[in-house]
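Visitor: Below is a structure I'd like to ask you about.
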Amino acid sequence: MAKQAGVSHMTVSRVLNGHPNIRETTRERVLQAIDEMNYTRSSIARALATRRAMRIGVLVDSPVQYGPNSTLRALEGAARDAGYAISAFSVSDDDGMQIDSGVVDLVTQGVDALCVIAPRESSLDLLGQQATGLPTVVIKSEPHADMHTAGVDQCQGAKLAVSHLISLGHRHILHLAGPRDWYDARVREQGWRDALTAAELPVTDAAVGDWTSDFGYEYGSSLELGDATAIFAANDQMALGLIHGLSDRGIRVPEDVSVVGFDDLPDARHFLPPLTTVRQDFAALGALALQLIIAAIEGESTDEHEMIEPVLIVRRSTAAPRR
């Protein structure tokens with residue numbers, strides 16, 4: 001195939017593995033050669049040639065949540081395209097034994113690297129106590145000592161949400177935050193605070209939720225709005241419950257209060273009203289994470305921290321305040 005494309009074997013390998021530092025014309029030439037020769041990989045032959053398992057171990061914290069689940073699926077797709085398989089281990093509570101068991105389970109499978117998706121502070125602390133010696137990439141929006149990290153810029157996403165509300169004329173904006181042990185929840189709350197402070201608007205204590213629509217409903221059912229005319233919820237599921245709870249009390253969205261979520265669930269455009277939210281590009285995140293993992297496996301020098309920008313999606317749950 002290298003001969004057909006007129007390039008080196010290493011260049012073909014880099015194209016197949018999705019390396020970014022390849023000229024587009026070269027990439028197209030290699031891909032054309034792949035099509036012409038009907039090339040398919042032999043994972044067994046490749047593993048023997050490289051002395052690698054061609055397998056990545058993924059530790060997934062709270063996989064029932066939309067963000068971690070979407071990131072895992074995106075990483076699986078990117079890995080499959082690059083000839084790697086994924087072995088995943090799910091952690092669903094605060095039991096440290098699950099972290100220990102997960103790391104042991106993945107390492108004993110002979111994986112080439114580890115990836116940690118949507119970590120809580122407690123899970124990363126426990127992971128740090130494991131001396132695996134494997135290249136490790138963590139999916140989080142902030143840098144982490146001794147580990148490569150990749151993530152969507154959660155702080156910027158929160159600022160986009162709050163700045164949108166401020167631009168509509170809202171001056172008292174509440175926040176329904178996620179659990180404090182979650183890095184993403186803390187960074188989104190900080191973005192909310194930073195945006196309000198930059199606009200010289202009042203910052204109140206955030207309510208702390210658990211990511212579920214049930215909690216959002218309870219919050220919306222009992223919330224005293226006072227002077228507040230808008231609420232930024234840390235994820236779409238809590239925003240859904242929040243709108244339901246407010247509606248049951250006769251409080252209209254957005255006529256009486258505007259609501260913004262975070263994630264852009266596939267159903268967010270079908271909420272009543274359709275939800276203004278912050279979209280995360282999980283496909284791009286999965287591809288970026290895989291690039292970092294492969295670079296780490298091959299011992300290449302890369303940036304310690306890589307970020308993807310979020311996008312604000314404006315729908316009908318936000319409007320200018322009327323009172």
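Letters A, B, ... go to the chains of the structure tokens in the order shown; residues in each chain start at 1; ligands are counted from 1 in the same order.
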Show me, as a VMD selection string, the residues that have an atom within 9 Å of stretch 71-83 of chain A when counting only C-alpha atoms, minus same-chain residues fewer than 3 positions from it.
Guide: chain A and resid 15 to 18 41 to 43 46 54 to 56 58 60 63 66 to 68 86 88 117 to 118 139 282 to 290
Visitor: Based on DSSP run over this structure's backbone, return all residues of stretch 100-310 of chain A in helix (DSSP H, G or I), as a ChimeraX atom specification.
Guide: /A:100-107,121-128,154-167,183-198,213-222,236-248,268-270,282-297
Visitor: Mind the document's chain letters and residue numbers, and return as a PDB file with all heavy atoms, in the first residue's frame the residues of stretch 120-169 of chain A that DSSP labels strand (DSSP E).
Guide:
```pdb
ATOM      1  N   THR A 136      -1.664   7.064  30.318  1.00  0.00           N
ATOM      2  CA  THR A 136      -3.034   7.322  30.780  1.00  0.00           C
ATOM      3  C   THR A 136      -3.507   8.680  30.295  1.00  0.00           C
ATOM      4  O   THR A 136      -2.786   9.676  30.413  1.00  0.00           O
ATOM      5  CB  THR A 136      -3.109   7.272  32.318  1.00  0.00           C
ATOM      6  OG1 THR A 136      -2.695   5.978  32.767  1.00  0.00           O
ATOM      7  CG2 THR A 136      -4.527   7.531  32.801  1.00  0.00           C
ATOM      8  N   VAL A 137      -4.721   8.717  29.743  1.00  0.00           N
ATOM      9  CA  VAL A 137      -5.357   9.962  29.311  1.00  0.00           C
ATOM     10  C   VAL A 137      -6.661  10.116  30.078  1.00  0.00           C
ATOM     11  O   VAL A 137      -7.438   9.161  30.186  1.00  0.00           O
ATOM     12  CB  VAL A 137      -5.626   9.960  27.789  1.00  0.00           C
ATOM     13  CG1 VAL A 137      -6.449  11.182  27.389  1.00  0.00           C
ATOM     14  CG2 VAL A 137      -4.308   9.937  27.021  1.00  0.00           C
ATOM     15  N   VAL A 138      -6.889  11.302  30.620  1.00  0.00           N
ATOM     16  CA  VAL A 138      -8.086  11.584  31.405  1.00  0.00           C
ATOM     17  C   VAL A 138      -8.968  12.564  30.640  1.00  0.00           C
ATOM     18  O   VAL A 138      -8.482  13.574  30.130  1.00  0.00           O
ATOM     19  CB  VAL A 138      -7.714  12.176  32.783  1.00  0.00           C
ATOM     20  CG1 VAL A 138      -8.971  12.494  33.587  1.00  0.00           C
ATOM     21  CG2 VAL A 138      -6.828  11.213  33.557  1.00  0.00           C
ATOM     22  N   ILE A 139     -10.257  12.252  30.557  1.00  0.00           N
ATOM     23  CA  ILE A 139     -11.207  13.151  29.904  1.00  0.00           C
ATOM     24  C   ILE A 139     -11.748  14.110  30.965  1.00  0.00           C
ATOM     25  O   ILE A 139     -12.624  13.774  31.749  1.00  0.00           O
ATOM     26  CB  ILE A 139     -12.371  12.377  29.254  1.00  0.00           C
ATOM     27  CG1 ILE A 139     -11.843  11.315  28.296  1.00  0.00           C
ATOM     28  CG2 ILE A 139     -13.308  13.350  28.520  1.00  0.00           C
ATOM     29  CD1 ILE A 139     -11.044  11.850  27.137  1.00  0.00           C
ATOM     30  N   HIS A 148      -2.039  13.083  30.815  1.00  0.00           N
ATOM     31  CA  HIS A 148      -2.549  13.824  29.663  1.00  0.00           C
ATOM     32  C   HIS A 148      -4.064  13.985  29.828  1.00  0.00           C
ATOM     33  O   HIS A 148      -4.749  13.048  30.268  1.00  0.00           O
ATOM     34  CB  HIS A 148      -2.252  13.080  28.359  1.00  0.00           C
ATOM     35  CG  HIS A 148      -0.804  13.046  28.009  1.00  0.00           C
ATOM     36  ND1 HIS A 148      -0.126  14.146  27.556  1.00  0.00           N
ATOM     37  CD2 HIS A 148       0.108  12.036  28.051  1.00  0.00           C
ATOM     38  CE1 HIS A 148       1.137  13.829  27.320  1.00  0.00           C
ATOM     39  NE2 HIS A 148       1.298  12.549  27.617  1.00  0.00           N
ATOM     40  N   THR A 149      -4.582  15.145  29.478  1.00  0.00           N
ATOM     41  CA  THR A 149      -6.014  15.398  29.622  1.00  0.00           C
ATOM     42  C   THR A 149      -6.580  15.982  28.343  1.00  0.00           C
ATOM     43  O   THR A 149      -5.903  16.699  27.606  1.00  0.00           O
ATOM     44  CB  THR A 149      -6.300  16.364  30.787  1.00  0.00           C
ATOM     45  OG1 THR A 149      -5.488  17.543  30.646  1.00  0.00           O
ATOM     46  CG2 THR A 149      -6.008  15.719  32.130  1.00  0.00           C
ATOM     47  N   ALA A 150      -7.841  15.661  28.096  1.00  0.00           N
ATOM     48  CA  ALA A 150      -8.572  16.230  26.959  1.00  0.00           C
ATOM     49  C   ALA A 150     -10.010  16.440  27.403  1.00  0.00           C
ATOM     50  O   ALA A 150     -10.542  15.671  28.212  1.00  0.00           O
ATOM     51  CB  ALA A 150      -8.529  15.292  25.756  1.00  0.00           C
ATOM     52  N   GLY A 151     -10.637  17.485  26.910  1.00  0.00           N
ATOM     53  CA  GLY A 151     -12.010  17.716  27.312  1.00  0.00           C
ATOM     54  C   GLY A 151     -12.647  18.858  26.564  1.00  0.00           C
ATOM     55  O   GLY A 151     -11.991  19.595  25.817  1.00  0.00           O
ATOM     56  N   VAL A 152     -13.951  18.985  26.768  1.00  0.00           N
ATOM     57  CA  VAL A 152     -14.690  20.152  26.268  1.00  0.00           C
ATOM     58  C   VAL A 152     -14.530  21.259  27.302  1.00  0.00           C
ATOM     59  O   VAL A 152     -14.536  20.999  28.511  1.00  0.00           O
ATOM     60  CB  VAL A 152     -16.177  19.807  26.070  1.00  0.00           C
ATOM     61  CG1 VAL A 152     -16.968  21.036  25.649  1.00  0.00           C
ATOM     62  CG2 VAL A 152     -16.323  18.702  25.033  1.00  0.00           C
TER      63      VAL A 152
END
```
Visitor: For stretch 206-209 of chain A, work out the shell of residues within 7 Å, counting only C-alpha atoms and skipping chain neighbours fewer than 5 positions away, then give it as number ranges by chain.
Guide: A: 174-179, 215
Visitor: Output N, CA, C and O atoms of each residue in that selection to a file, as a compact mmCIF listing (two decimals), in the first residue's frame.
Guide:
```txt
# COMPACT_ATOMS: atom_id res chain seq x y z
N LEU A 174 -29.92 32.39 38.61
CA LEU A 174 -29.62 31.32 39.55
C LEU A 174 -28.90 30.17 38.85
O LEU A 174 -28.91 30.08 37.62
N HIS A 175 -28.28 29.29 39.66
CA HIS A 175 -27.60 28.13 39.08
C HIS A 175 -27.98 26.87 39.85
O HIS A 175 -27.89 26.82 41.08
N LEU A 176 -28.40 25.85 39.10
CA LEU A 176 -28.62 24.51 39.64
C LEU A 176 -27.41 23.68 39.23
O LEU A 176 -27.28 23.29 38.07
N ALA A 177 -26.50 23.45 40.17
CA ALA A 177 -25.22 22.81 39.88
C ALA A 177 -25.31 21.30 39.96
O ALA A 177 -26.26 20.74 40.52
N GLY A 178 -24.29 20.64 39.42
CA GLY A 178 -24.16 19.19 39.57
C GLY A 178 -23.43 18.86 40.86
O GLY A 178 -23.02 19.75 41.61
N PRO A 179 -23.23 17.58 41.14
CA PRO A 179 -22.56 17.15 42.37
C PRO A 179 -21.15 17.74 42.48
O PRO A 179 -20.40 17.75 41.50
N PHE A 215 -34.43 15.41 40.53
CA PHE A 215 -33.94 16.48 41.40
C PHE A 215 -34.35 17.84 40.83
O PHE A 215 -34.74 18.74 41.58
```
Visitor: With distances taken over only C-alpha atoms, which residue among A:Leu196, A:Gln156, A:Arg186, A:Gln65 lies nearest A:Thr212?
Guide: A:Gln65
Visitor: Mind checking which residues fall within 9 Å of A:Phe232, counting only C-alpha atoms, ignoring those fewer than 5 positions away in the same chain, and posting them as a PyMOL selection string?
Guide: chain A and resi 158+161-162+165+173-177+192+239+258-262
Visitor: I'd like the neighbourhood of A:Val257 as a list in words, where a residue qualifies if any of its atoms comes within 7 Å (using only C-alpha atoms), though same-chain residues fewer than 3 positions away should be ignored.
Guide: Thr229, Ala230, Arg252, Val253 and Pro254 of chain A
Visitor: Counting only C-alpha atoms, which residue out of A:Glu142, A:Ser317, A:Pro310, A:Gln280 sits closest to A:Ile243?
Guide: A:Ser317
Visitor: Figure out the distance between atom CA of A:Leu114 and atom CA of A:Ile297, please, to one decimal in Å.
Guide: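 Answer for the atom CA of A:Ile297 to atom CA of A:Leu114 separation: 9.9 Å.
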Visitor: Extract, using only C-alpha atoms, all DNA, RNA and protein residues at most 7 Å from stretch 198-204 of chain A, discarding same-chain residues fewer than 3 positions from it, and format them as number ranges by chain.
Guide: A: 171-172, 193-195
Visitor: Which residue out of A:His144, A:Ile294, A:His164, A:Gly299 has the minimum interatomic distance to A:Arg315 when only C-alpha atoms are used?
Guide: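 Smallest separation from A:Arg315 among the options: A:His164.
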Visitor: Which residue out of A:Asp153, A:Gly6, A:Met1, A:Gln109 has the minimum interatomic distance to A:Asn38 when only C-alpha atoms are used?
Guide: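 Of A:Asp153, A:Gly6, A:Met1, A:Gln109, the one nearest A:Asn38, counting only C-alpha atoms, is A:Met1.
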Visitor: Kindly indicate which residue among A:Ser92, A:Gly169, A:Val111, A:Leu292 lies nearest to A:Arg322, using only C-alpha atoms for the distances.
Guide: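 Closest candidate: A:Gly169.
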